[in-house]
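Below is the file data_22.cif, which contains mmCIF, C-alpha atoms.
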```
data_work
#
loop_
_atom_site.label_atom_id
_atom_site.label_comp_id
_atom_site.auth_asym_id
_atom_site.auth_seq_id
_atom_site.Cartn_x
_atom_site.Cartn_y
_atom_site.Cartn_z
CA MET A 1 133.44 25.12 -147.07
CA SER A 2 130.67 27.01 -148.77
CA ILE A 3 126.87 27.06 -148.62
CA LEU A 4 125.38 28.17 -151.90
CA LEU A 5 121.68 28.77 -152.51
CA ILE A 6 120.00 28.79 -155.92
CA GLY A 7 116.56 30.25 -155.32
CA GLY A 8 113.96 32.85 -156.10
CA GLU A 9 110.26 33.59 -156.17
CA LYS A 10 109.69 32.95 -159.86
CA GLY A 11 109.23 29.44 -161.23
CA GLY A 12 110.57 28.20 -164.55
CA THR A 13 113.80 30.18 -164.47
CA GLY A 14 116.24 27.27 -164.55
CA LYS A 15 117.15 27.09 -160.85
CA THR A 16 117.61 23.32 -160.85
CA THR A 17 119.63 23.49 -164.08
CA LEU A 18 122.08 25.86 -162.42
CA ALA A 19 122.16 23.90 -159.14
CA VAL A 20 122.90 20.49 -160.66
CA ASN A 21 125.47 21.80 -163.15
CA LEU A 22 127.34 23.72 -160.46
CA ALA A 23 127.23 20.68 -158.16
CA ALA A 24 128.60 18.36 -160.86
CA LEU A 25 131.36 20.78 -161.85
CA ARG A 26 132.35 21.18 -158.22
CA ALA A 27 132.45 17.39 -157.79
CA LEU A 28 134.61 17.13 -160.92
CA GLN A 29 137.13 19.32 -159.08
CA GLY A 30 137.33 16.64 -156.42
CA ARG A 31 135.16 18.41 -153.88
CA ASP A 32 132.77 16.53 -151.57
CA VAL A 33 129.46 18.13 -152.56
CA LEU A 34 125.95 17.71 -151.17
CA LEU A 35 122.98 18.86 -153.21
CA ILE A 36 119.99 19.73 -151.00
CA ASP A 37 116.65 19.63 -152.82
CA THR A 38 113.97 21.69 -151.06
CA ASP A 39 111.56 21.78 -154.00
CA ILE A 40 108.49 19.53 -153.85
CA GLN A 41 108.90 18.87 -157.58
CA ALA A 42 112.14 17.04 -156.64
CA SER A 43 113.82 17.69 -160.00
CA ALA A 44 117.32 17.80 -158.47
CA SER A 45 116.64 14.51 -156.68
CA TYR A 46 115.54 12.84 -159.92
CA TRP A 47 118.69 14.16 -161.62
CA ALA A 48 120.91 12.71 -158.88
CA GLN A 49 119.01 9.40 -159.00
CA SER A 50 119.53 9.18 -162.78
CA ARG A 51 123.22 9.87 -162.24
CA ASP A 52 123.47 7.12 -159.63
CA GLU A 53 121.58 4.60 -161.77
CA ALA A 54 123.93 5.27 -164.68
CA GLY A 55 126.96 4.87 -162.41
CA THR A 56 128.28 8.29 -163.42
CA GLN A 57 131.36 9.44 -161.53
CA PRO A 58 131.99 11.50 -159.57
CA ARG A 59 128.88 10.86 -157.53
CA VAL A 60 126.87 13.87 -156.38
CA ALA A 61 125.07 13.14 -153.12
CA CYS A 62 121.56 14.57 -152.90
CA ILE A 63 118.98 14.71 -150.11
CA GLN A 64 115.56 16.31 -149.74
CA LYS A 65 114.85 18.66 -146.83
CA PHE A 66 111.68 20.57 -146.04
CA GLY A 67 110.41 22.86 -143.30
CA LYS A 68 111.91 25.10 -140.66
CA GLY A 69 114.53 22.53 -139.66
CA LEU A 70 116.50 23.26 -142.81
CA GLN A 71 118.62 25.91 -141.05
CA THR A 72 119.84 23.54 -138.33
CA GLU A 73 120.28 20.61 -140.70
CA ALA A 74 122.27 22.68 -143.20
CA ARG A 75 124.64 23.93 -140.51
CA ASP A 76 125.17 20.35 -139.33
CA LEU A 77 125.69 19.01 -142.85
CA ALA A 78 128.17 21.80 -143.62
CA ARG A 79 130.52 20.15 -141.12
CA ARG A 80 130.43 16.91 -143.11
CA TYR A 81 130.67 18.19 -146.68
CA GLN A 82 132.99 20.67 -148.35
CA ASP A 83 130.15 22.33 -150.26
CA LEU A 84 126.39 22.49 -149.89
CA ILE A 85 124.31 23.59 -152.87
CA ILE A 86 120.66 24.22 -152.00
CA ASP A 87 118.04 24.12 -154.74
CA ALA A 88 114.98 26.05 -153.54
CA GLY A 89 111.65 26.04 -155.38
CA GLY A 90 110.25 29.03 -157.22
CA ARG A 91 108.16 30.63 -154.50
CA ASP A 92 108.46 32.47 -151.20
CA SER A 93 108.62 29.45 -148.90
CA VAL A 94 109.80 28.45 -145.44
CA GLU A 95 112.66 26.62 -147.16
CA LEU A 96 113.77 29.65 -149.17
CA ARG A 97 113.73 31.91 -146.10
CA SER A 98 115.54 29.31 -143.97
CA ALA A 99 118.21 28.80 -146.62
CA LEU A 100 118.80 32.56 -146.90
CA VAL A 101 119.70 32.61 -143.21
CA VAL A 102 122.45 29.97 -143.57
CA ALA A 103 123.79 30.53 -147.08
CA GLU A 104 126.90 32.55 -147.82
CA ARG A 105 125.75 33.36 -151.34
CA VAL A 106 122.45 33.21 -153.17
CA TYR A 107 122.12 33.21 -156.94
CA ILE A 108 118.67 34.15 -158.23
CA PRO A 109 118.08 33.08 -161.82
CA ILE A 110 115.56 35.12 -163.80
CA GLN A 111 114.47 35.11 -167.38
CA PRO A 112 115.16 38.48 -169.01
CA SER A 113 111.51 39.55 -169.03
CA GLN A 114 109.62 42.28 -167.25
CA PHE A 115 107.51 39.66 -165.47
CA ASP A 116 110.58 38.11 -163.84
CA ILE A 117 112.15 41.46 -163.02
CA TRP A 118 108.99 42.50 -161.18
CA THR A 119 109.56 39.64 -158.70
CA LEU A 120 113.00 40.96 -157.73
CA GLY A 121 111.63 43.69 -155.46
CA ARG A 122 110.36 40.98 -153.13
CA MET A 123 113.66 39.09 -153.33
CA ASP A 124 115.55 42.31 -152.56
CA ASP A 125 113.43 42.65 -149.40
CA LEU A 126 113.95 38.99 -148.43
CA VAL A 127 117.71 39.30 -148.81
CA LYS A 128 117.71 42.49 -146.72
CA THR A 129 115.74 40.75 -143.95
CA ALA A 130 117.99 37.66 -144.06
CA GLN A 131 121.11 39.83 -143.82
CA GLY A 132 119.85 41.00 -140.42
CA PHE A 133 120.41 37.41 -139.21
CA ASN A 134 123.16 36.48 -141.68
CA PRO A 135 125.37 39.51 -142.34
CA GLU A 136 127.71 37.51 -144.60
CA LEU A 137 124.96 36.78 -147.15
CA ARG A 138 125.54 38.18 -150.63
CA ALA A 139 123.04 37.96 -153.48
CA TRP A 140 123.45 37.90 -157.25
CA VAL A 141 120.92 37.78 -160.06
CA VAL A 142 121.74 35.46 -162.97
CA ILE A 143 120.07 36.04 -166.32
CA SER A 144 118.95 32.56 -167.32
CA ARG A 145 117.15 30.95 -170.23
CA ALA A 146 117.96 33.95 -172.40
CA SER A 147 117.36 33.77 -176.13
CA THR A 148 120.16 32.35 -178.26
CA ASN A 149 119.23 34.79 -181.02
CA PRO A 150 121.88 37.56 -181.05
CA ALA A 151 119.31 39.98 -182.51
CA VAL A 152 117.21 39.83 -179.32
CA SER A 153 118.24 42.66 -176.96
CA GLU A 154 116.38 41.45 -173.85
CA VAL A 155 119.59 40.81 -171.88
CA THR A 156 120.77 44.40 -172.35
CA GLU A 157 117.34 45.70 -171.35
CA ALA A 158 117.25 43.49 -168.24
CA ARG A 159 120.70 44.66 -167.15
CA SER A 160 119.56 48.29 -167.19
CA LEU A 161 116.51 47.52 -165.04
CA LEU A 162 118.47 45.59 -162.39
CA ALA A 163 120.35 48.67 -161.22
CA ASP A 164 117.36 49.63 -159.06
CA PHE A 165 117.85 46.92 -156.41
CA GLU A 166 119.96 47.77 -153.38
CA HIS A 167 120.82 44.27 -152.14
CA LEU A 168 121.15 42.41 -155.45
CA ARG A 169 124.11 42.40 -157.81
CA LEU A 170 124.10 41.18 -161.37
CA ALA A 171 126.27 38.21 -162.32
CA ASN A 172 128.34 38.67 -165.45
CA ALA A 173 127.62 35.19 -166.81
CA VAL A 174 124.48 34.69 -168.88
CA VAL A 175 122.93 31.23 -169.33
CA ARG A 176 120.92 30.81 -172.53
CA ASP A 177 118.05 28.52 -173.39
CA ARG A 178 119.83 25.57 -175.02
CA ILE A 179 118.66 22.03 -175.69
CA ALA A 180 121.95 20.72 -174.25
CA TYR A 181 120.87 21.60 -170.72
CA ARG A 182 117.72 19.50 -171.06
CA LYS A 183 119.60 16.58 -172.64
CA ALA A 184 122.19 16.59 -169.87
CA ALA A 185 119.56 16.80 -167.12
CA ARG A 186 117.70 13.80 -168.51
CA ASP A 187 120.80 11.63 -168.08
CA GLY A 188 121.94 13.01 -164.72
CA LEU A 189 124.85 14.87 -166.29
CA SER A 190 126.25 18.36 -166.43
CA VAL A 191 126.64 19.96 -169.85
CA GLU A 192 130.39 19.51 -169.36
CA GLU A 193 129.88 15.72 -169.30
CA LEU A 194 127.41 15.51 -172.20
CA LYS A 195 128.58 13.55 -175.27
CA PRO A 196 128.50 14.95 -177.87
CA GLY A 197 128.81 18.22 -176.04
CA ASP A 198 127.59 21.73 -176.78
CA PRO A 199 130.63 24.05 -176.63
CA LYS A 200 128.51 27.16 -176.11
CA ALA A 201 126.56 25.65 -173.20
CA GLY A 202 129.80 24.39 -171.67
CA GLU A 203 131.39 27.81 -171.99
CA GLU A 204 128.39 29.52 -170.35
CA MET A 205 128.31 27.16 -167.40
CA ARG A 206 132.07 27.29 -166.86
CA ALA A 207 131.86 31.10 -166.86
CA LEU A 208 129.16 31.01 -164.19
CA PHE A 209 131.07 28.37 -162.21
CA GLN A 210 134.23 30.46 -162.20
CA GLU A 211 132.28 33.49 -161.09
CA VAL A 212 130.55 31.61 -158.26
CA PHE A 213 133.62 29.78 -156.96
CA ASP A 214 136.30 32.29 -157.89
CA GLY A 215 139.42 31.61 -155.84
CA GLU A 216 137.92 28.75 -153.79
#
```

Translate this file's structure into structure tokens.
Amino acid sequence: MSILLIGGEKGGTGKTTLAVNLAALRALQGRDVLLIDTDIQASASYWAQSRDEAGTQPRVACIQKFGKGLQTEARDLARRYQDLIIDAGGRDSVELRSALVVAERVYIPIQPSQFDIWTLGRMDDLVKTAQGFNPELRAWVVISRASTNPAVSEVTEARSLLADFEHLRLANAVVRDRIAYRKAARDGLSVEELKPGDPKAGEEMRALFQEVFDGE
């Protein structure tokens, strides 16, 4: 059983893209997965609804949860599902803080820009506070929506800046800004299920998946 949180303070970083792709890949392994959407924009819920309407298998169950009760509800739901993946909106919210207290791992997607990196000081503090209640919590930063242009060095620059944060580690996998992610999301799919597929997008997401669920 695992409780995974995809969250952060910055909007537009691809949190829902990571959450739904990881949930679908986990379900494709035969796991009983629940996607918990705590974002008022409800993007993960719309994705799951599109998947259901298309009859795509395996099914990925999705519910919406808001407010302080998320902690208690997540602990209860963790007894019924093999994996919980929580998609938290891009802001410091009650839901984000509550999820940090129950999650085993949090992955914080950021775009490789100075503006996104500036928000990580606050996330470093939030993780530190949550670890006082949840000592098992571990946090990783995922560089997301990076340029597909190999001449752009923003990923290398971002990696050097991330060394300053005590409670955050940097994931090895990098997710780039590809049209395939948007096409897959529209149809309630993961990039692994998209036909015709995008081999590069599939490779990126499998690399992140293996890193997140290594050995589980």

- Task: Enumerate, as number ranges by chain, the residues matched when the PyMOL selection byres ((chain A and resi 146) around 6) is run on the file above.
- Result: A: 144-145, 147, 176-177

- Output of the PyMOL selection byres ((chain A and resi 148) around 12), listed as JSON, numbers by chain: {"A": [144, 145, 146, 147, 149, 150, 151, 152, 153, 154, 155, 174, 175, 176, 177, 178, 179, 200, 201, 204]}

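Using all atoms listed in the file, the shortest contact distance between A:Glu53 and any of A:Val141, A:Asp187, A:Glu192, A:Pro199 is found at A:Asp187.
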
- Task: For atom CA of A:Ser190 and atom CA of A:Ile85, quote the distance in Å rounded to one decimal.
- Result: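 Value for the atom CA of A:Ser190-atom CA of A:Ile85 distance: 14.7 Å.
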
- To one decimal place, how far is atom CA of A:Thr17 from atom CA of A:Ala163 in Å?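 One can read the atom CA of A:Thr17 to atom CA of A:Ala163 distance as 25.4 Å.
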
- Could you tell me which residues the PyMOL selection byres ((chain A and resi 82) around 9) returns for this structure, as a list of chain:residue names? A:Met1, A:Ser2, A:Ile3, A:Arg31, A:Asp32, A:Val33, A:Leu34, A:Ala78, A:Arg79, A:Arg80, A:Tyr81, A:Asp83, A:Leu84

- Pairwise distance for atom CA of A:Ala48 and atom CA of A:Gly7, rounded to one decimal in Å: 18.4 Å

- Task: Find the residue from A:Ala180, A:Ala207, A:Leu194, A:Val106 that sits nearest to A:Leu168; use only C-alpha atoms when measuring.
- Result: A:Val106

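If all atoms listed in the file are the atoms counted, then among A:Leu4, A:Lys10, A:His167, A:Ile143 the closest residue to A:Ala23 is A:Leu4.
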
- Message: Under the rule that all atoms listed in the file are counted, which of A:Leu35, A:Thr119, A:Gly14, A:Asp52 is the nearest residue to A:Gln64?
- Response: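 Of A:Leu35, A:Thr119, A:Gly14, A:Asp52, the one nearest A:Gln64, counting all atoms listed in the file, is A:Leu35.
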
- Which one of A:Arg105, A:Lys128, A:Lys195, A:Lys183 sits closest to A:Ile86 if you count all atoms listed in the file?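 Closest to A:Ile86 of all the choices is A:Arg105.
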
- Message: Could you list, as a count of residues only, every residue within 9 Å of A:Arg206, counting all atoms listed in the file and ignoring same-chain residues fewer than 4 positions away?
- Response: 7

- Note on the structure: With distances taken over all atoms listed in the file, the candidate from A:Ser43, A:Ser98, A:Ala158, A:Asn172 nearest A:Gln131 is A:Ser98

- Task: Determine, counting all atoms listed in the file, which protein, DNA and RNA residues have an atom within 9 Å of an atom of A:Phe165; residues of the same chain fewer than 3 positions away are not included. Present the result as a list in words.
- Result: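 These residues fall inside the cut-off: Leu120, Gly121, Asp124, Leu161, Leu162, Leu168 and Arg169 of chain A.
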
- Item | Radius query 8 Å about (123.9, 28.5, -141.1), atoms used: only C-alpha atoms, as a PyMOL selection string | chain A and resi 71-72+74-75+99+101-103

Atoms kept (C-alpha atoms) for selection, written as a PDB file, in the coordinates of the input:
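The resulting result.pdb:
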```
ATOM      1  CA  GLN A  71     118.620  25.910-141.050  1.00  0.00           C
ATOM      2  CA  THR A  72     119.840  23.540-138.330  1.00  0.00           C
ATOM      3  CA  ALA A  74     122.270  22.680-143.200  1.00  0.00           C
ATOM      4  CA  ARG A  75     124.640  23.930-140.510  1.00  0.00           C
ATOM      5  CA  ALA A  99     118.210  28.800-146.620  1.00  0.00           C
ATOM      6  CA  VAL A 101     119.700  32.610-143.210  1.00  0.00           C
ATOM      7  CA  VAL A 102     122.450  29.970-143.570  1.00  0.00           C
ATOM      8  CA  ALA A 103     123.790  30.530-147.080  1.00  0.00           C
TER       9      ALA A 103
END
```
